[in-house]
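Reproduced below: query.cif, with mmCIF, C-alpha atoms.
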```
data_input
loop_
_atom_site.group_PDB
_atom_site.id
_atom_site.type_symbol
_atom_site.label_atom_id
_atom_site.label_comp_id
_atom_site.auth_asym_id
_atom_site.auth_seq_id
_atom_site.Cartn_x
_atom_site.Cartn_y
_atom_site.Cartn_z
ATOM 1 C CA MET U 9 129.675 185.769 137.586
ATOM 2 C CA ARG U 10 128.410 187.785 134.628
ATOM 3 C CA ASP U 11 129.003 186.743 131.031
ATOM 4 C CA GLY U 12 131.287 189.706 130.336
ATOM 5 C CA GLU U 13 133.507 188.768 133.258
ATOM 6 C CA ILE U 14 133.646 185.139 132.116
ATOM 7 C CA LEU U 15 134.564 186.240 128.601
ATOM 8 C CA ASP U 16 137.301 188.470 130.020
ATOM 9 C CA LEU U 17 138.754 185.397 131.740
ATOM 10 C CA TYR U 18 138.806 183.560 128.397
ATOM 11 C CA TRP U 19 140.517 186.504 126.738
ATOM 12 C CA ALA U 20 143.099 186.572 129.534
ATOM 13 C CA ARG U 21 143.520 182.776 128.985
ATOM 14 C CA GLU U 22 142.793 182.097 132.647
ATOM 15 C CA GLU U 23 141.739 178.506 133.263
ATOM 16 C CA ARG U 24 139.252 179.770 135.842
ATOM 17 C CA ALA U 25 137.085 180.724 132.840
ATOM 18 C CA ILE U 26 136.127 177.075 132.419
ATOM 19 C CA LEU U 27 135.206 176.696 136.091
ATOM 20 C CA GLU U 28 133.034 179.822 135.952
ATOM 21 C CA THR U 29 131.448 178.658 132.711
ATOM 22 C CA GLN U 30 130.665 175.293 134.289
ATOM 23 C CA ALA U 31 129.127 177.004 137.321
ATOM 24 C CA SER U 32 126.969 179.309 135.204
ATOM 25 C CA TYR U 33 126.049 177.075 132.266
ATOM 26 C CA GLY U 34 126.798 173.476 133.267
ATOM 27 C CA ARG U 35 123.197 172.475 134.008
ATOM 28 C CA TYR U 36 121.894 174.304 130.927
ATOM 29 C CA CYS U 37 124.352 172.568 128.577
ATOM 30 C CA TYR U 38 123.841 169.196 130.247
ATOM 31 C CA SER U 39 120.075 169.562 129.773
ATOM 32 C CA ILE U 40 120.535 170.170 126.047
ATOM 33 C CA ALA U 41 122.825 167.172 125.653
ATOM 34 C CA TRP U 42 120.613 164.936 127.803
ATOM 35 C CA HIS U 43 117.449 165.650 125.805
ATOM 36 C CA ILE U 44 119.192 164.631 122.615
ATOM 37 C CA LEU U 45 121.234 161.672 123.856
ATOM 38 C CA HIS U 46 119.452 160.227 126.909
ATOM 39 C CA MET U 47 122.749 158.794 128.117
ATOM 40 C CA ARG U 48 124.520 160.318 131.107
ATOM 41 C CA GLU U 49 128.055 159.463 129.969
ATOM 42 C CA ASP U 50 127.533 160.869 126.484
ATOM 43 C CA ALA U 51 125.849 164.016 127.830
ATOM 44 C CA ASP U 52 128.707 164.581 130.296
ATOM 45 C CA GLU U 53 131.246 164.117 127.524
ATOM 46 C CA CYS U 54 129.446 166.591 125.255
ATOM 47 C CA VAL U 55 129.419 169.183 128.028
ATOM 48 C CA ASN U 56 133.132 168.696 128.668
ATOM 49 C CA ASP U 57 133.799 168.967 124.937
ATOM 50 C CA THR U 58 131.771 172.179 124.932
ATOM 51 C CA TRP U 59 134.162 173.746 127.438
ATOM 52 C CA LEU U 60 137.127 172.707 125.280
ATOM 53 C CA ARG U 61 135.529 174.137 122.130
ATOM 54 C CA ALA U 62 134.719 177.369 123.942
ATOM 55 C CA TRP U 63 138.310 177.604 125.197
ATOM 56 C CA ASN U 64 139.618 177.150 121.643
ATOM 57 C CA ALA U 65 137.118 179.586 120.096
ATOM 58 C CA ILE U 66 137.437 182.452 122.609
ATOM 59 C CA PRO U 67 139.548 184.335 121.524
ATOM 60 C CA PRO U 68 139.494 185.192 118.646
ATOM 61 C CA ARG U 69 135.681 185.103 118.833
ATOM 62 C CA ARG U 70 133.818 187.092 121.462
ATOM 63 C CA PRO U 71 130.222 185.840 121.452
ATOM 64 C CA GLY U 72 127.505 188.396 122.057
ATOM 65 C CA ARG U 73 125.420 185.915 124.071
ATOM 66 C CA LEU U 74 127.545 183.364 125.872
ATOM 67 C CA GLY U 75 124.613 181.094 126.770
ATOM 68 C CA VAL U 76 123.451 180.822 123.157
ATOM 69 C CA PHE U 77 127.031 180.258 122.001
ATOM 70 C CA LEU U 78 127.583 177.438 124.511
ATOM 71 C CA GLY U 79 124.141 175.938 123.907
ATOM 72 C CA THR U 80 124.763 175.800 120.169
ATOM 73 C CA ILE U 81 128.119 174.088 120.643
ATOM 74 C CA THR U 82 126.566 171.556 123.015
ATOM 75 C CA ARG U 83 123.637 170.900 120.714
ATOM 76 C CA ASN U 84 125.886 170.346 117.695
ATOM 77 C CA LEU U 85 128.158 168.006 119.635
ATOM 78 C CA ALA U 86 125.167 166.074 120.948
ATOM 79 C CA LEU U 87 123.641 165.791 117.477
ATOM 80 C CA ASP U 88 126.948 164.478 116.129
ATOM 81 C CA ARG U 89 127.103 161.946 118.949
ATOM 82 C CA TRP U 90 123.461 160.999 118.332
ATOM 83 C CA LYS U 91 124.196 160.402 114.634
ATOM 84 C CA GLU U 92 127.095 158.126 115.581
ATOM 85 C CA ARG U 93 124.887 156.155 117.975
ATOM 86 C CA HIS U 94 121.987 156.076 115.560
ATOM 87 C CA ALA U 95 124.238 154.631 112.873
ATOM 88 C CA ALA U 96 124.923 151.845 115.364
ATOM 89 C CA LYS U 97 121.142 151.327 115.721
ATOM 90 C CA ARG U 98 120.948 152.623 119.281
ATOM 91 C CA GLY U 99 119.009 155.523 120.813
ATOM 92 C CA SER U 100 115.588 156.292 122.202
ATOM 93 C CA GLY U 101 113.902 157.243 118.933
ATOM 94 C CA GLU U 102 112.768 160.668 120.137
ATOM 95 C CA MET U 103 115.285 162.450 117.887
ATOM 96 C CA VAL U 104 114.127 160.504 114.835
ATOM 97 C CA LEU U 105 110.529 161.410 115.579
ATOM 98 C CA ALA U 106 111.333 165.105 116.097
ATOM 99 C CA LEU U 107 113.341 165.280 112.871
ATOM 100 C CA GLU U 108 110.614 163.498 110.908
ATOM 101 C CA GLU U 109 108.023 165.968 112.198
ATOM 102 C CA LEU U 110 110.141 168.923 111.091
ATOM 103 C CA ALA U 111 110.948 167.329 107.727
ATOM 104 C CA GLU U 112 107.345 168.000 106.718
ATOM 105 C CA CYS U 113 107.953 171.751 106.657
ATOM 106 C CA ILE U 114 111.729 172.287 106.321
ATOM 107 C CA PRO U 115 113.357 171.655 102.953
ATOM 108 C CA ASP U 116 116.175 169.132 102.601
ATOM 109 C CA ARG U 117 119.436 171.085 102.873
ATOM 110 C CA ARG U 118 121.582 168.331 101.317
ATOM 111 C CA SER U 119 120.441 169.206 97.814
ATOM 112 C CA THR U 120 120.913 172.979 98.217
ATOM 113 C CA GLU U 121 123.804 173.728 100.509
ATOM 114 C CA ASP U 122 124.351 177.207 99.193
ATOM 115 C CA ALA U 123 125.391 179.414 102.106
ATOM 116 C CA VAL U 124 123.165 182.287 100.991
ATOM 117 C CA GLU U 125 120.055 180.121 100.984
ATOM 118 C CA ALA U 126 120.954 178.679 104.393
ATOM 119 C CA ALA U 127 121.353 182.177 105.830
ATOM 120 C CA GLU U 128 118.010 183.207 104.340
ATOM 121 C CA LEU U 129 116.278 180.148 105.789
ATOM 122 C CA LYS U 130 117.772 180.954 109.185
ATOM 123 C CA ARG U 131 116.504 184.528 108.931
ATOM 124 C CA LEU U 132 113.032 183.336 107.960
ATOM 125 C CA LEU U 133 112.908 180.815 110.810
ATOM 126 C CA ASN U 134 113.914 183.467 113.325
ATOM 127 C CA GLN U 135 111.322 185.856 111.904
ATOM 128 C CA PHE U 136 108.638 183.168 112.077
ATOM 129 C CA LEU U 137 109.496 182.269 115.672
ATOM 130 C CA GLY U 138 109.473 185.950 116.606
ATOM 131 C CA GLY U 139 105.885 186.184 115.376
ATOM 132 C CA LEU U 140 104.648 183.339 117.578
ATOM 133 C CA SER U 141 103.169 183.798 121.008
ATOM 134 C CA GLN U 142 105.638 183.232 123.817
ATOM 135 C CA LYS U 143 103.962 179.945 124.746
ATOM 136 C CA ASP U 144 103.854 178.595 121.160
ATOM 137 C CA CYS U 145 107.487 179.592 120.622
ATOM 138 C CA SER U 146 108.525 177.945 123.882
ATOM 139 C CA VAL U 147 106.685 174.710 123.021
ATOM 140 C CA PHE U 148 108.216 174.682 119.519
ATOM 141 C CA LEU U 149 111.765 175.306 120.755
ATOM 142 C CA ARG U 150 111.449 172.777 123.560
ATOM 143 C CA ARG U 151 110.484 170.136 121.022
ATOM 144 C CA TYR U 152 112.725 170.973 118.078
ATOM 145 C CA TRP U 153 115.725 172.679 119.678
ATOM 146 C CA TYR U 154 115.963 170.888 123.031
ATOM 147 C CA VAL U 155 114.270 167.694 121.745
ATOM 148 C CA GLU U 156 112.082 167.332 124.823
ATOM 149 C CA GLU U 157 109.410 164.667 124.922
ATOM 150 C CA TYR U 158 105.770 165.736 124.604
ATOM 151 C CA SER U 159 105.024 164.780 128.215
ATOM 152 C CA GLU U 160 107.924 166.873 129.494
ATOM 153 C CA ILE U 161 106.782 169.896 127.500
ATOM 154 C CA ALA U 162 103.226 169.470 128.769
ATOM 155 C CA LYS U 163 104.408 169.322 132.355
ATOM 156 C CA HIS U 164 106.692 172.342 132.041
ATOM 157 C CA CYS U 165 104.134 174.484 130.195
ATOM 158 C CA GLY U 166 101.110 173.401 132.241
ATOM 159 C CA MET U 167 99.360 171.938 129.214
ATOM 160 C CA LYS U 168 97.659 168.654 128.412
ATOM 161 C CA LEU U 169 99.588 166.182 126.288
ATOM 162 C CA ASN U 170 97.139 166.395 123.375
ATOM 163 C CA THR U 171 97.239 170.195 123.542
ATOM 164 C CA VAL U 172 101.025 170.102 123.109
ATOM 165 C CA LYS U 173 100.740 167.756 120.119
ATOM 166 C CA THR U 174 98.025 169.888 118.545
ATOM 167 C CA SER U 175 100.004 173.077 119.155
ATOM 168 C CA LEU U 176 103.093 171.611 117.511
ATOM 169 C CA TYR U 177 101.110 170.321 114.541
ATOM 170 C CA ARG U 178 99.513 173.743 114.014
ATOM 171 C CA THR U 179 102.842 175.543 114.386
ATOM 172 C CA ARG U 180 104.499 173.222 111.859
ATOM 173 C CA THR U 181 101.597 173.846 109.470
ATOM 174 C CA LYS U 182 101.980 177.618 109.931
ATOM 175 C CA LEU U 183 105.741 177.317 109.403
ATOM 176 C CA ARG U 184 105.270 175.346 106.182
ATOM 177 C CA GLU U 185 102.748 177.903 104.902
ATOM 178 C CA TYR U 186 104.979 180.801 105.946
ATOM 179 C CA LEU U 187 108.024 179.356 104.195
ATOM 180 C CA GLU U 188 106.049 178.620 101.044
ATOM 181 C CA GLN U 189 104.651 182.172 101.104
ATOM 182 C CA GLU U 190 108.250 183.467 101.343
ATOM 183 C CA GLY U 191 109.236 181.453 98.289
ATOM 184 C CA VAL U 192 110.995 178.551 100.012
ATOM 185 C CA ARG U 193 110.302 175.234 98.339
ATOM 186 C CA VAL U 194 109.258 172.727 100.980
#
```
Produce structure tokens that represent the structure in this file.
Amino acid sequence: MRDGEILDLYWAREERAILETQASYGRYCYSIAWHILHMREDADECVNDTWLRAWNAIPPRRPGRLGVFLGTITRNLALDRWKERHAAKRGSGEMVLALEELAECIPDRRSTEDAVEAAELKRLLNQFLGGLSQKDCSVFLRRYWYVEEYSEIAKHCGMKLNTVKTSLYRTRTKLREYLEQEGVRV
């Protein structure tokens, strides 16, 4: 079923919308949650919570890209769950490593939570990613959006493990330089 048809089901408040969403986006959302949490039960729960959040958000919202909308909800739920688990000193450590790598080139938002600055940073990140080659962008997003392990990225992209690490290091360096050039304090 197409996204527009699924959204129409939400707007009509038909429960079949959730079944169609699960059929179209269940594996995608589970993959996002799994890469962050590495626990089947938690990933399943995040996906189920995603359907509930979508049901409560549509209407009044009508997302332009349903997959991105659902993926963002899932990712945020998984990150919240990861933070809860991490506070309890559990987890695989991959998320910590990914966040530490990005911390080198992304400023700390806790000290400047001004909505205008956050929107500008988002715009700059999207502009930067748009300027990357498709492969570099894919590697970067797989690592820092989907939190995939280096070996998984290498396998999916047909690259050697060290090539993935080098690519990510160079992309982070370019991102830091780009943000500094745009006036963002890193």
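Minimum atom-to-atom distances from U:Tyr152, U:Ile40, U:Arg69, U:Glu109 to Val55 in chain U were compared using all atoms listed in the file, and the lowest value belongs to U:Ile40.
Distance-wise, CA of Val172 in chain U and CA of Tyr158 in chain U end up 6.6 Å apart.
If you measure from each of U:Leu74, U:Ile66, U:Leu140, U:Val147 to His164 in chain U using all atoms listed in the file, the closest one turns out to be U:Val147.
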As lines of an AutoDock Vina configuration file, please: the centre and edge lengths in Å, to one decimal, of an axis-aligned box enclosing every listed atom of range 41-51 of chain U with 8 Å added on each side.
```
center_x = 122.8
center_y = 163.0
center_z = 126.9
size_x = 26.6
size_y = 24.4
size_z = 24.5
```
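Using only C-alpha atoms for every distance, the candidate list U:Arg73, U:Leu87, U:Leu17, U:Arg35 yields U:Leu87 as the residue closest to Trp153 in chain U.
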Residues returned when the PyMOL selection byres ((chain U and resi 28) around 10) runs on this file, as a ChimeraX atom specification: /U:9-11,13-15,17,23-27,29-34
Resolved residues for the PyMOL selection byres ((chain U and resi 180) around 9) as a PyMOL selection string: chain U and resi 109-110+112-113+148+175-179+181-185
Atoms to include: C-alpha atoms. Write the selected residues as a short mmCIF file (atom, residue, chain, number, x, y, z; two decimals), in the coordinates of the input.
```cif
data_model
loop_
_atom_site.label_atom_id
_atom_site.label_comp_id
_atom_site.auth_asym_id
_atom_site.auth_seq_id
_atom_site.Cartn_x
_atom_site.Cartn_y
_atom_site.Cartn_z
CA GLU U 109 108.02 165.97 112.20
CA LEU U 110 110.14 168.92 111.09
CA GLU U 112 107.34 168.00 106.72
CA CYS U 113 107.95 171.75 106.66
CA PHE U 148 108.22 174.68 119.52
CA SER U 175 100.00 173.08 119.16
CA LEU U 176 103.09 171.61 117.51
CA TYR U 177 101.11 170.32 114.54
CA ARG U 178 99.51 173.74 114.01
CA THR U 179 102.84 175.54 114.39
CA THR U 181 101.60 173.85 109.47
CA LYS U 182 101.98 177.62 109.93
CA LEU U 183 105.74 177.32 109.40
CA ARG U 184 105.27 175.35 106.18
CA GLU U 185 102.75 177.90 104.90
#
```
From U:Tyr36, U:Val155, U:Asp52, U:Gly166, residue lying nearest Leu105 in chain U [only C-alpha atoms]: U:Val155
Picked residues, the PyMOL selection byres ((chain U and resi 162) around 12), as a list in words: Lys143, Asp144, Ser146, Val147, Phe148, Arg150, Arg151, Glu156, Glu157, Tyr158, Ser159, Glu160, Ile161, Lys163, His164, Cys165, Gly166, Met167, Lys168, Leu169, Asn170, Thr171, Val172, Lys173, Thr174, Ser175 and Leu176 of chain U
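One finds CA of Asp88 in chain U at 27.8 Å from CA of Arg21 in chain U.
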For Glu190 in chain U: contacts at 12 Å, only C-alpha atoms, fewer than 5 positions along chain excluded, given as a PDB file with C-alpha atoms, in the coordinates of the input:
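Result written to result_8.pdb:
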```pdb
ATOM      1  CA  GLU U 128     118.010 183.207 104.340  1.00  0.00           C
ATOM      2  CA  LEU U 129     116.278 180.148 105.789  1.00  0.00           C
ATOM      3  CA  ARG U 131     116.504 184.528 108.931  1.00  0.00           C
ATOM      4  CA  LEU U 132     113.032 183.336 107.960  1.00  0.00           C
ATOM      5  CA  LEU U 133     112.908 180.815 110.810  1.00  0.00           C
ATOM      6  CA  GLN U 135     111.322 185.856 111.904  1.00  0.00           C
ATOM      7  CA  PHE U 136     108.638 183.168 112.077  1.00  0.00           C
ATOM      8  CA  LEU U 183     105.741 177.317 109.403  1.00  0.00           C
ATOM      9  CA  ARG U 184     105.270 175.346 106.182  1.00  0.00           C
ATOM     10  CA  GLU U 185     102.748 177.903 104.902  1.00  0.00           C
TER      11      GLU U 185
END
```
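Of note, CA of Met47 in chain U and CA of Val76 in chain U are spaced 22.6 Å apart.
Across U:Tyr38, U:Tyr186, U:His43, U:Asp50, the tightest approach to Arg93 in chain U is made by U:Asp50 when counting only C-alpha atoms.
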